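A.B. asks: Contents of structure_26.cif (mmCIF, C-alpha atoms) are below:
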```
data_my_file
#
loop_
_atom_site.label_atom_id
_atom_site.label_comp_id
_atom_site.auth_asym_id
_atom_site.auth_seq_id
_atom_site.Cartn_x
_atom_site.Cartn_y
_atom_site.Cartn_z
CA MET A 19 -52.87 -18.34 -64.68
CA SER A 20 -50.76 -17.35 -67.66
CA SER A 21 -48.40 -20.03 -68.96
CA ASP A 22 -45.93 -17.21 -69.71
CA LEU A 23 -44.99 -16.91 -66.05
CA PRO A 24 -41.30 -17.68 -65.37
CA VAL A 25 -42.06 -20.79 -63.33
CA LEU A 26 -38.47 -22.07 -63.35
CA LEU A 27 -37.16 -18.82 -61.82
CA ALA A 28 -39.94 -18.94 -59.24
CA ALA A 29 -39.12 -22.56 -58.37
CA VAL A 30 -35.41 -21.83 -57.92
CA SER A 31 -36.23 -18.72 -55.86
CA VAL A 32 -38.43 -20.69 -53.48
CA LEU A 33 -35.80 -23.45 -53.20
CA SER A 34 -33.08 -20.90 -52.44
CA GLY A 35 -35.34 -19.18 -49.90
CA LEU A 36 -35.96 -22.47 -48.11
CA HIS A 37 -32.22 -23.17 -48.20
CA MET A 38 -31.58 -19.78 -46.58
CA GLY A 39 -34.17 -20.61 -43.92
CA PHE A 40 -32.46 -23.96 -43.34
CA GLN A 41 -29.10 -22.21 -42.82
CA SER A 42 -30.76 -19.93 -40.30
CA ARG A 43 -32.07 -23.05 -38.54
CA ARG A 44 -28.56 -24.53 -38.43
CA VAL A 45 -27.27 -21.40 -36.69
CA GLY A 46 -30.03 -21.99 -34.13
CA TRP A 47 -28.94 -25.62 -33.66
CA SER A 48 -25.34 -24.45 -33.25
CA ARG A 49 -26.55 -22.06 -30.50
CA ILE A 50 -28.12 -25.01 -28.69
CA LYS A 51 -25.08 -27.27 -29.19
CA HIS A 52 -22.66 -24.65 -27.86
CA LYS A 53 -25.11 -23.15 -25.33
CA ILE A 54 -24.88 -19.62 -26.81
CA LEU A 55 -27.98 -17.72 -25.70
CA GLN A 56 -29.50 -14.92 -27.78
CA PRO A 57 -28.58 -12.13 -28.30
CA SER A 58 -24.89 -13.16 -28.02
CA VAL A 59 -23.05 -13.93 -31.25
CA VAL A 60 -19.66 -14.76 -29.77
CA GLY A 61 -18.53 -18.19 -28.60
CA PRO A 62 -16.43 -21.18 -29.62
CA ALA A 63 -14.81 -21.01 -33.07
CA GLU A 64 -17.23 -23.51 -34.59
CA PHE A 65 -20.25 -21.42 -33.57
CA GLU A 66 -18.65 -18.24 -34.90
CA ARG A 67 -17.87 -19.90 -38.23
CA THR A 68 -21.47 -21.15 -38.49
CA PHE A 69 -22.77 -17.67 -37.68
CA ARG A 70 -20.50 -15.98 -40.24
CA ALA A 71 -21.28 -18.59 -42.90
CA HIS A 72 -24.96 -17.68 -42.57
CA GLN A 73 -24.24 -13.93 -42.54
CA ASN A 74 -22.25 -14.23 -45.75
CA GLY A 75 -25.20 -16.04 -47.36
CA VAL A 76 -27.53 -13.25 -46.20
CA GLU A 77 -25.25 -10.60 -47.74
CA PHE A 78 -25.21 -12.32 -51.13
CA TYR A 79 -28.82 -13.44 -51.30
CA PRO A 80 -30.48 -10.27 -52.67
CA ILE A 81 -27.69 -9.88 -55.26
CA PHE A 82 -28.30 -13.47 -56.35
CA LEU A 83 -32.05 -12.89 -56.67
CA VAL A 84 -31.58 -9.74 -58.77
CA LEU A 85 -29.22 -11.54 -61.15
CA LEU A 86 -31.30 -14.72 -61.32
CA TRP A 87 -34.42 -12.81 -62.37
CA THR A 88 -32.84 -10.24 -64.68
CA SER A 89 -30.73 -12.85 -66.52
CA GLY A 90 -33.72 -15.20 -66.65
CA ILE A 91 -36.14 -12.60 -68.01
CA PHE A 92 -33.80 -10.66 -70.31
CA CYS A 93 -31.58 -13.51 -71.50
CA ASN A 94 -32.51 -17.17 -70.93
CA GLU A 95 -34.79 -18.58 -68.26
CA GLY A 96 -33.65 -22.22 -68.36
CA LEU A 97 -29.96 -21.35 -68.20
CA SER A 98 -30.51 -18.88 -65.33
CA ALA A 99 -32.56 -21.40 -63.39
CA PHE A 100 -29.82 -24.00 -63.86
CA GLY A 101 -27.27 -21.42 -62.68
CA GLY A 102 -29.49 -20.82 -59.68
CA LEU A 103 -29.44 -24.50 -58.76
CA LEU A 104 -25.63 -24.51 -59.03
CA TYR A 105 -25.57 -21.43 -56.79
CA ILE A 106 -27.58 -23.23 -54.10
CA VAL A 107 -25.16 -26.18 -54.32
CA GLY A 108 -22.23 -23.76 -53.99
CA ARG A 109 -23.75 -22.05 -50.95
CA GLU A 110 -24.42 -25.43 -49.32
CA MET A 111 -20.78 -26.47 -49.91
CA TYR A 112 -19.65 -23.10 -48.54
CA PHE A 113 -21.78 -23.40 -45.42
CA THR A 114 -20.94 -27.01 -44.61
CA GLY A 115 -17.25 -26.44 -45.43
CA TYR A 116 -17.01 -23.27 -43.34
CA ILE A 117 -18.45 -25.00 -40.26
CA SER A 118 -15.73 -27.66 -40.31
CA GLU A 119 -12.82 -25.36 -41.16
CA THR A 120 -12.44 -21.74 -42.34
CA LYS A 121 -10.45 -22.74 -45.45
CA LYS A 122 -13.01 -25.31 -46.52
CA ARG A 123 -15.50 -22.54 -47.29
CA LEU A 124 -13.52 -21.65 -50.44
CA PRO A 125 -14.59 -24.24 -53.09
CA GLY A 126 -18.28 -23.49 -52.49
CA PHE A 127 -17.56 -19.77 -52.38
CA TYR A 128 -15.86 -19.87 -55.78
CA LEU A 129 -18.68 -21.93 -57.29
CA GLY A 130 -21.22 -19.36 -56.04
CA LEU A 131 -19.06 -16.49 -57.30
CA PHE A 132 -18.68 -18.14 -60.71
CA VAL A 133 -22.47 -18.41 -61.03
CA ILE A 134 -22.87 -14.77 -59.96
CA LEU A 135 -20.40 -13.69 -62.66
CA VAL A 136 -22.07 -15.76 -65.39
CA LEU A 137 -25.52 -14.47 -64.45
CA SER A 138 -24.14 -10.89 -64.41
CA VAL A 139 -22.88 -11.26 -67.97
CA MET A 140 -26.14 -12.85 -69.14
CA ALA A 141 -28.21 -10.13 -67.44
CA SER A 142 -26.03 -7.31 -68.81
CA VAL A 143 -26.10 -8.61 -72.39
CA GLY A 144 -29.87 -9.17 -72.24
CA ILE A 145 -30.56 -5.77 -70.73
CA ILE A 146 -28.31 -3.89 -73.18
CA LYS A 147 -29.96 -5.71 -76.09
CA SER A 148 -33.42 -4.93 -74.75
CA PHE A 149 -32.46 -1.29 -74.05
CA LEU A 150 -31.14 -0.73 -77.59
CA ASP A 151 -34.23 -2.36 -79.04
CA LYS A 152 -36.73 -0.43 -76.90
CA TYR A 153 -35.20 3.05 -76.78
CA LEU A 154 -33.00 3.27 -79.85
CA LYS A 155 -34.84 0.88 -82.17
CA ILE A 156 -31.58 -0.98 -82.79
CA GLU A 157 -32.13 -4.70 -83.21
CA MET A 158 -29.09 -6.75 -82.17
CA PHE A 159 -28.75 -10.41 -83.10
CA GLU A 160 -31.23 -9.88 -85.94
CA ARG A 161 -33.42 -12.80 -86.84
CA LYS A 162 -34.00 -13.38 -90.55
CA MET B 5 -51.21 0.99 -66.28
CA SER B 6 -52.58 -2.53 -66.51
CA SER B 7 -55.20 -3.45 -63.92
CA ASP B 8 -53.66 -6.93 -63.86
CA LEU B 9 -50.76 -5.71 -61.74
CA PRO B 10 -50.57 -7.42 -58.33
CA VAL B 11 -51.32 -4.24 -56.39
CA LEU B 12 -51.99 -6.03 -53.09
CA LEU B 13 -48.55 -7.69 -53.15
CA ALA B 14 -46.97 -4.36 -54.01
CA ALA B 15 -48.81 -2.61 -51.17
CA VAL B 16 -47.74 -5.23 -48.60
CA SER B 17 -44.15 -5.11 -49.92
CA VAL B 18 -43.97 -1.33 -49.50
CA LEU B 19 -45.52 -1.57 -46.02
CA SER B 20 -43.03 -4.25 -44.99
CA GLY B 21 -40.16 -2.19 -46.45
CA LEU B 22 -41.21 0.85 -44.43
CA HIS B 23 -41.51 -1.37 -41.36
CA MET B 24 -37.94 -2.60 -41.92
CA GLY B 25 -36.79 1.02 -42.26
CA PHE B 26 -38.58 1.86 -39.03
CA GLN B 27 -36.79 -0.98 -37.21
CA SER B 28 -33.51 0.37 -38.51
CA ARG B 29 -34.50 3.78 -37.11
CA ARG B 30 -35.22 2.22 -33.71
CA VAL B 31 -31.71 0.75 -33.62
CA GLY B 32 -30.47 4.30 -34.25
CA TRP B 33 -32.60 5.63 -31.35
CA SER B 34 -31.25 2.86 -29.14
CA ARG B 35 -27.71 3.97 -30.07
CA ILE B 36 -28.56 7.50 -28.92
CA LYS B 37 -30.29 6.32 -25.73
CA HIS B 38 -27.35 4.11 -24.70
CA LYS B 39 -24.66 6.39 -26.18
CA ILE B 40 -23.24 3.67 -28.48
CA LEU B 41 -21.34 5.39 -31.25
CA GLN B 42 -20.97 3.89 -34.72
CA PRO B 43 -19.34 1.58 -35.72
CA SER B 44 -19.62 -0.21 -32.35
CA VAL B 45 -22.34 -2.82 -31.99
CA VAL B 46 -21.63 -3.87 -28.41
CA GLY B 47 -23.10 -2.27 -25.32
CA PRO B 48 -25.78 -2.75 -22.67
CA ALA B 49 -28.02 -5.82 -23.03
CA GLU B 50 -31.01 -3.76 -24.19
CA PHE B 51 -29.03 -2.23 -27.05
CA GLU B 52 -27.66 -5.61 -28.10
CA ARG B 53 -31.14 -7.13 -28.10
CA THR B 54 -32.44 -4.25 -30.24
CA PHE B 55 -29.53 -4.66 -32.65
CA ARG B 56 -30.03 -8.44 -32.93
CA ALA B 57 -33.81 -8.07 -33.33
CA HIS B 58 -33.18 -5.87 -36.36
CA GLN B 59 -30.50 -8.21 -37.77
CA ASN B 60 -32.89 -11.16 -37.53
CA GLY B 61 -35.48 -9.18 -39.46
CA VAL B 62 -32.86 -8.36 -42.12
CA GLU B 63 -31.98 -12.06 -42.48
CA PHE B 64 -35.59 -13.09 -43.03
CA TYR B 65 -36.74 -10.19 -45.19
CA PRO B 66 -35.62 -11.42 -48.64
CA ILE B 67 -37.01 -14.91 -47.92
CA PHE B 68 -40.33 -13.30 -46.98
CA LEU B 69 -40.40 -11.24 -50.18
CA VAL B 70 -39.68 -14.29 -52.38
CA LEU B 71 -42.47 -16.29 -50.74
CA LEU B 72 -44.94 -13.38 -50.72
CA TRP B 73 -44.58 -12.83 -54.46
CA THR B 74 -44.35 -16.44 -55.61
CA SER B 75 -47.32 -17.56 -53.51
CA GLY B 76 -49.26 -14.44 -54.56
CA ILE B 77 -48.58 -14.87 -58.28
CA PHE B 78 -48.73 -18.66 -58.56
CA CYS B 79 -51.41 -19.38 -55.95
CA ASN B 80 -53.62 -16.62 -54.51
CA GLU B 81 -52.84 -12.91 -54.30
CA GLY B 82 -55.37 -11.92 -51.63
CA LEU B 83 -54.41 -14.74 -49.28
CA SER B 84 -50.68 -14.05 -49.71
CA ALA B 85 -51.15 -10.35 -49.09
CA PHE B 86 -53.13 -11.14 -45.94
CA GLY B 87 -50.33 -13.49 -44.86
CA GLY B 88 -47.88 -10.65 -45.52
CA LEU B 89 -49.81 -8.35 -43.18
CA LEU B 90 -49.75 -11.05 -40.49
CA TYR B 91 -46.00 -11.41 -41.06
CA ILE B 92 -45.47 -7.68 -40.45
CA VAL B 93 -47.53 -7.94 -37.23
CA GLY B 94 -45.40 -10.94 -36.17
CA ARG B 95 -42.13 -9.11 -36.85
CA GLU B 96 -43.37 -6.07 -34.88
CA MET B 97 -44.28 -8.31 -31.93
CA TYR B 98 -40.88 -10.00 -32.25
CA PHE B 99 -38.99 -6.71 -32.30
CA THR B 100 -40.87 -5.03 -29.47
CA GLY B 101 -40.82 -8.24 -27.41
CA TYR B 102 -37.09 -8.84 -27.95
CA ILE B 103 -36.20 -5.31 -26.79
CA SER B 104 -37.90 -5.84 -23.45
CA GLU B 105 -36.71 -9.41 -22.83
CA THR B 106 -35.02 -12.13 -24.92
CA LYS B 107 -37.79 -14.66 -24.29
CA LYS B 108 -40.53 -12.24 -25.32
CA ARG B 109 -39.33 -12.39 -28.91
CA LEU B 110 -40.83 -15.87 -29.27
CA PRO B 111 -44.60 -15.30 -29.87
CA GLY B 112 -43.88 -12.88 -32.74
CA PHE B 113 -41.18 -15.19 -34.07
CA TYR B 114 -43.55 -18.13 -34.24
CA LEU B 115 -46.25 -16.04 -35.91
CA GLY B 116 -43.75 -14.94 -38.57
CA LEU B 117 -42.50 -18.50 -39.01
CA PHE B 118 -46.06 -19.80 -39.35
CA VAL B 119 -46.74 -17.30 -42.15
CA ILE B 120 -43.44 -18.28 -43.85
CA LEU B 121 -44.48 -21.94 -43.76
CA VAL B 122 -47.99 -21.29 -45.11
CA LEU B 123 -46.64 -19.10 -47.91
CA SER B 124 -44.04 -21.80 -48.72
CA VAL B 125 -46.74 -24.41 -49.15
CA MET B 126 -48.89 -22.06 -51.24
CA ALA B 127 -45.93 -21.11 -53.43
CA SER B 128 -44.82 -24.74 -53.88
CA VAL B 129 -48.28 -25.99 -54.81
CA GLY B 130 -48.81 -23.11 -57.24
CA ILE B 131 -45.40 -23.52 -58.85
CA ILE B 132 -45.70 -27.31 -59.23
CA LYS B 133 -49.16 -26.89 -60.76
CA SER B 134 -47.87 -24.21 -63.14
CA PHE B 135 -44.79 -26.30 -64.01
CA LEU B 136 -46.85 -29.40 -64.86
CA ASP B 137 -49.23 -27.30 -66.94
CA LYS B 138 -46.51 -25.42 -68.86
CA TYR B 139 -43.91 -28.13 -69.46
CA LEU B 140 -45.81 -31.40 -69.28
CA LYS B 141 -49.26 -30.22 -70.42
CA ILE B 142 -50.77 -31.83 -67.33
CA GLU B 143 -53.71 -29.86 -65.99
CA MET B 144 -54.17 -30.33 -62.24
CA PHE B 145 -57.36 -29.27 -60.47
CA GLU B 146 -59.22 -29.51 -63.77
CA ARG B 147 -62.09 -27.15 -64.28
CA LYS B 148 -65.18 -28.62 -65.93
CA MET C 133 -38.87 -10.56 -75.71
CA SER C 134 -41.58 -8.02 -74.98
CA SER C 135 -40.56 -4.39 -75.33
CA ASP C 136 -42.83 -3.68 -72.35
CA LEU C 137 -40.27 -5.07 -69.92
CA PRO C 138 -39.00 -2.47 -67.41
CA VAL C 139 -35.46 -2.50 -68.78
CA LEU C 140 -34.39 0.65 -66.91
CA LEU C 141 -35.35 -0.85 -63.53
CA ALA C 142 -33.54 -4.06 -64.47
CA ALA C 143 -30.42 -2.14 -65.50
CA VAL C 144 -30.33 -0.14 -62.25
CA SER C 145 -30.96 -3.33 -60.23
CA VAL C 146 -28.01 -5.12 -61.85
CA LEU C 147 -25.80 -2.05 -61.37
CA SER C 148 -26.77 -1.81 -57.70
CA GLY C 149 -26.18 -5.56 -57.28
CA LEU C 150 -22.68 -5.27 -58.74
CA HIS C 151 -22.05 -2.27 -56.48
CA MET C 152 -23.08 -4.36 -53.46
CA GLY C 153 -20.72 -7.12 -54.62
CA PHE C 154 -17.94 -4.56 -54.97
CA GLN C 155 -18.50 -3.35 -51.39
CA SER C 156 -18.28 -6.95 -50.24
CA ARG C 157 -14.97 -7.21 -52.12
CA ARG C 158 -13.68 -4.08 -50.37
CA VAL C 159 -14.41 -5.65 -46.98
CA GLY C 160 -12.28 -8.60 -48.17
CA TRP C 161 -9.45 -6.26 -49.18
CA SER C 162 -9.69 -4.56 -45.79
CA ARG C 163 -9.34 -8.00 -44.16
CA ILE C 164 -6.13 -8.58 -46.10
CA LYS C 165 -4.78 -5.08 -45.39
CA HIS C 166 -5.39 -5.38 -41.64
CA LYS C 167 -4.70 -9.13 -41.46
CA ILE C 168 -8.13 -9.98 -40.01
CA LEU C 169 -8.78 -13.64 -40.70
CA GLN C 170 -12.29 -15.05 -41.17
CA PRO C 171 -14.51 -15.51 -39.20
CA SER C 172 -13.36 -12.59 -37.00
CA VAL C 173 -15.10 -9.25 -37.52
CA VAL C 174 -13.23 -7.25 -34.91
CA GLY C 175 -10.00 -5.37 -35.47
CA PRO C 176 -8.61 -1.87 -36.06
CA ALA C 177 -11.17 0.95 -36.28
CA GLU C 178 -10.75 1.30 -40.05
CA PHE C 179 -11.61 -2.36 -40.62
CA GLU C 180 -14.62 -2.16 -38.32
CA ARG C 181 -15.90 0.94 -40.11
CA THR C 182 -15.51 -0.81 -43.48
CA PHE C 183 -17.32 -3.87 -42.16
CA ARG C 184 -20.20 -1.82 -40.71
CA ALA C 185 -20.47 0.32 -43.86
CA HIS C 186 -21.07 -2.86 -45.83
CA GLN C 187 -23.52 -4.25 -43.27
CA ASN C 188 -25.56 -1.06 -43.40
CA GLY C 189 -25.73 -1.37 -47.18
CA VAL C 190 -26.90 -4.99 -46.82
CA GLU C 191 -29.66 -3.93 -44.42
CA PHE C 192 -31.02 -1.29 -46.80
CA TYR C 193 -30.62 -3.16 -50.07
CA PRO C 194 -33.88 -5.19 -50.10
CA ILE C 195 -35.88 -2.12 -49.02
CA PHE C 196 -34.31 -0.18 -51.89
CA LEU C 197 -35.18 -2.93 -54.39
CA VAL C 198 -38.81 -3.09 -53.25
CA LEU C 199 -39.22 0.68 -53.56
CA LEU C 200 -37.35 0.91 -56.88
CA TRP C 201 -39.61 -1.67 -58.52
CA THR C 202 -42.93 -0.65 -56.98
CA SER C 203 -42.40 3.06 -57.70
CA GLY C 204 -41.13 2.22 -61.19
CA ILE C 205 -44.03 -0.06 -62.08
CA PHE C 206 -46.87 1.78 -60.35
CA CYS C 207 -45.70 5.36 -60.84
CA ASN C 208 -42.88 6.26 -63.27
CA GLU C 209 -40.11 3.99 -64.52
CA GLY C 210 -37.67 6.66 -65.73
CA LEU C 211 -37.90 8.71 -62.56
CA SER C 212 -37.47 5.63 -60.34
CA ALA C 213 -34.47 4.43 -62.34
CA PHE C 214 -32.89 7.89 -62.02
CA GLY C 215 -33.58 7.77 -58.27
CA GLY C 216 -31.93 4.35 -58.22
CA LEU C 217 -28.78 5.77 -59.80
CA LEU C 218 -28.73 8.56 -57.20
CA TYR C 219 -29.12 5.92 -54.50
CA ILE C 220 -26.07 4.03 -55.77
CA VAL C 221 -24.08 7.30 -55.75
CA GLY C 222 -25.27 7.96 -52.18
CA ARG C 223 -24.25 4.48 -51.01
CA GLU C 224 -20.82 4.86 -52.63
CA MET C 225 -20.33 8.22 -50.86
CA TYR C 226 -21.50 6.61 -47.62
CA PHE C 227 -19.13 3.66 -47.95
CA THR C 228 -16.06 5.64 -48.98
CA GLY C 229 -16.80 8.34 -46.38
CA TYR C 230 -17.37 5.86 -43.56
CA ILE C 231 -14.03 4.12 -44.22
CA SER C 232 -12.10 7.36 -43.76
CA GLU C 233 -14.08 8.69 -40.77
CA THR C 234 -17.35 7.76 -39.01
CA LYS C 235 -18.84 11.24 -39.49
CA LYS C 236 -18.07 11.30 -43.21
CA ARG C 237 -20.69 8.60 -43.80
CA LEU C 238 -23.46 11.15 -43.26
CA PRO C 239 -23.75 13.05 -46.59
CA GLY C 240 -24.06 9.80 -48.56
CA PHE C 241 -26.43 8.40 -45.95
CA TYR C 242 -28.76 11.38 -46.25
CA LEU C 243 -28.69 11.22 -50.07
CA GLY C 244 -29.67 7.53 -49.94
CA LEU C 245 -32.38 8.25 -47.37
CA PHE C 246 -33.75 11.10 -49.47
CA VAL C 247 -34.07 8.76 -52.47
CA ILE C 248 -35.73 6.11 -50.28
CA LEU C 249 -38.29 8.68 -49.10
CA VAL C 250 -39.05 9.97 -52.62
CA LEU C 251 -39.44 6.43 -53.97
CA SER C 252 -41.72 5.59 -51.00
CA VAL C 253 -44.02 8.48 -51.84
CA MET C 254 -44.04 7.60 -55.55
CA ALA C 255 -44.74 3.94 -54.81
CA SER C 256 -47.50 4.75 -52.30
CA VAL C 257 -49.27 7.20 -54.62
CA GLY C 258 -49.03 4.78 -57.55
CA ILE C 259 -50.24 1.82 -55.52
CA ILE C 260 -53.17 3.70 -53.95
CA LYS C 261 -54.21 4.99 -57.38
CA SER C 262 -53.96 1.48 -58.85
CA PHE C 263 -55.82 -0.02 -55.87
CA LEU C 264 -58.73 2.44 -56.15
CA ASP C 265 -58.92 1.85 -59.89
CA LYS C 266 -58.80 -1.96 -59.69
CA TYR C 267 -60.93 -2.68 -56.64
CA LEU C 268 -63.21 0.33 -56.28
CA LYS C 269 -63.42 1.44 -59.92
CA ILE C 270 -62.43 4.94 -58.86
CA GLU C 271 -60.28 6.65 -61.46
CA MET C 272 -57.93 9.24 -59.95
CA PHE C 273 -56.13 11.80 -62.09
CA GLU C 274 -58.73 11.34 -64.80
CA ARG C 275 -57.59 11.78 -68.35
CA LYS C 276 -59.95 13.66 -70.67
#
```
Can you present the structure in this file as structure tokens?

C.D. replies:
Amino acid sequence: MSSDLPVLLAAVSVLSGLHMGFQSRRVGWSRIKHKILQPSVVGPAEFERTFRAHQNGVEFYPIFLVLLWTSGIFCNEGLSAFGGLLYIVGREMYFTGYISETKKRLPGFYLGLFVILVLSVMASVGIIKSFLDKYLKIEMFERK
Amino acid sequence: MSSDLPVLLAAVSVLSGLHMGFQSRRVGWSRIKHKILQPSVVGPAEFERTFRAHQNGVEFYPIFLVLLWTSGIFCNEGLSAFGGLLYIVGREMYFTGYISETKKRLPGFYLGLFVILVLSVMASVGIIKSFLDKYLKIEMFERK
Amino acid sequence: MSSDLPVLLAAVSVLSGLHMGFQSRRVGWSRIKHKILQPSVVGPAEFERTFRAHQNGVEFYPIFLVLLWTSGIFCNEGLSAFGGLLYIVGREMYFTGYISETKKRLPGFYLGLFVILVLSVMASVGIIKSFLDKYLKIEMFERK
């Protein structure tokens, strides 16, 4: 096994995947608590907030993975992995907050969004640098 | 093209992607059968079960991909790819079962969940081993 | 940083991720316009079309990513990246069309589907070729 493998990105990806699975489980528990049988997705407000909190996580998850890996590979693995951990914290705050009250989803949402924006900038800078280097032989941030 | 590329993981990923596309198509056929026009997602029970079966697959798909690739790269490619094939079988059983009756989604669901759990363990063990090796110079499972 | 990294695939992935985030934002704007508070997802037809347009994009996004990367790595990076750009254009046409009228989603949908099919063929051919080469030592498309 090569020691060049991005093990930090892999670790954060697996953690975030398990966290997504856990959210899915909590929707299931909310179904039991409120006696909402599949395939229905309507019910008391608390169930609907739990359901939507999970859906929102599902919508953002592939975007997060793309940015985690591109920023980690093309810019800085440690920083991206740390951003990924913050993102998981943000999504947990979002989910738990949303269940108790719609407004309480916002702090976690903004934390997650902040991470997404930082990773986007890191990924874009790294990719542009790598593109210029590979296709136009222009070396940015020259090392002496 | 390097022969080191994880071709088995790629093959299973493409297969699973086509299977997801096929499920999406079956929701479309169910719309036609039950005359449910877009953008509505409510209708007869059979249509709603088909719609939810697909949604559940969509929720789990990125988690599956993360675990397939991390377990395949950090632990064992052949075993992960085989798990991936089982997962596709499980999701097919889930989908077909769910359409006919809500309860019949369960055997396929548990098969898929079992694969997810096995891949999680494989990925975690492989990543921890690789992390210790790379960052702490600790070699687990020493070879003599 | 290795110059062998698939920078074109990474660039298209980040672009498509930002485009997905932008669609998510437009659902938020539609909520404000039509005064639909979270967690509700029902409302005037225009809001429901916007919401479903986004959901459809979410469903297809992981499939697109799998095919983009497998066709790009196992077949041809430049061609796959170009297909990826076309896919983003198709999804934008789909989204904007769907908001104005259900039928107007179709041209963009078919463009996206066409790209998905082309990338599937490219990925399958590349993977089969790579599989035969790696596991059966059969060299297709022999170079002299």

A.B. asks: Residues of chain A no more than 7 Å from chain B, counting only C-alpha atoms: send them over as a ChimeraX atom specification.

C.D. replies: /A:21,25,28-29,31-32,35,56-57,76,80

A.B. asks: Can you work out the spacing between atom CA of C:Arg223 and atom CA of C:Val247 in Å, to one decimal?

C.D. replies: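 A separation of 10.8 Å between them.
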
A.B. asks: Skip B:Leu115 itself and residues of its chain fewer than 4 positions away, then list as a short mmCIF file (atom, residue, chain, number, x, y, z; two decimals) with C-alpha atoms, keeping the file's coordinate frame all residues within 7 Å of it, counting all atoms listed in the file.

C.D. replies:
```cif
data_model
loop_
_atom_site.label_atom_id
_atom_site.label_comp_id
_atom_site.auth_asym_id
_atom_site.auth_seq_id
_atom_site.Cartn_x
_atom_site.Cartn_y
_atom_site.Cartn_z
CA TYR B 91 -46.00 -11.41 -41.06
CA GLY B 94 -45.40 -10.94 -36.17
CA PRO B 111 -44.60 -15.30 -29.87
CA VAL B 119 -46.74 -17.30 -42.15
#
```

A.B. asks: Check which residues satisfy the PyMOL selection byres ((chain B and resi 99) around 8) in the file shown, then give them as JSON, numbers by chain.

C.D. replies: {"B": [27, 54, 57, 58, 95, 96, 97, 98, 100, 101, 102, 103, 109, 112]}

A.B. asks: Could you work out how far atom CA of A:Val136 lies from atom CA of C:Leu150, giving the answer in Å with one decimal?

C.D. replies: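 For atom CA of C:Leu150 relative to atom CA of A:Val136, the distance reads 12.4 Å.
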
A.B. asks: In Å, with one decimal, what is the gap from atom CA of C:Gly175 to atom CA of C:Gly160?

C.D. replies: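 Atom CA of C:Gly160 lies 13.3 Å from atom CA of C:Gly175.
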
A.B. asks: Could you check which residues have any atom within 6 Å of (-52.5, -9.8, -56.2), counting all atoms listed in the file with coordinates taken straight from the file, and then list them as an mmCIF file with C-alpha atoms, keeping the file's coordinate frame?

C.D. replies:
```
data_model
loop_
_atom_site.group_PDB
_atom_site.id
_atom_site.type_symbol
_atom_site.label_atom_id
_atom_site.label_comp_id
_atom_site.auth_asym_id
_atom_site.auth_seq_id
_atom_site.Cartn_x
_atom_site.Cartn_y
_atom_site.Cartn_z
ATOM 1 C CA PRO B 10 -50.570 -7.420 -58.330
ATOM 2 C CA VAL B 11 -51.320 -4.240 -56.390
ATOM 3 C CA LEU B 12 -51.990 -6.030 -53.090
ATOM 4 C CA LEU B 13 -48.550 -7.690 -53.150
ATOM 5 C CA GLY B 76 -49.260 -14.440 -54.560
ATOM 6 C CA GLU B 81 -52.840 -12.910 -54.300
ATOM 7 C CA GLY B 82 -55.370 -11.920 -51.630
#
```

A.B. asks: Calculated over all atoms listed in the file, which of the candidates B:Ser84, B:Val93, B:Ile40, B:Leu72 has the smallest distance to B:Tyr114?

C.D. replies: B:Val93
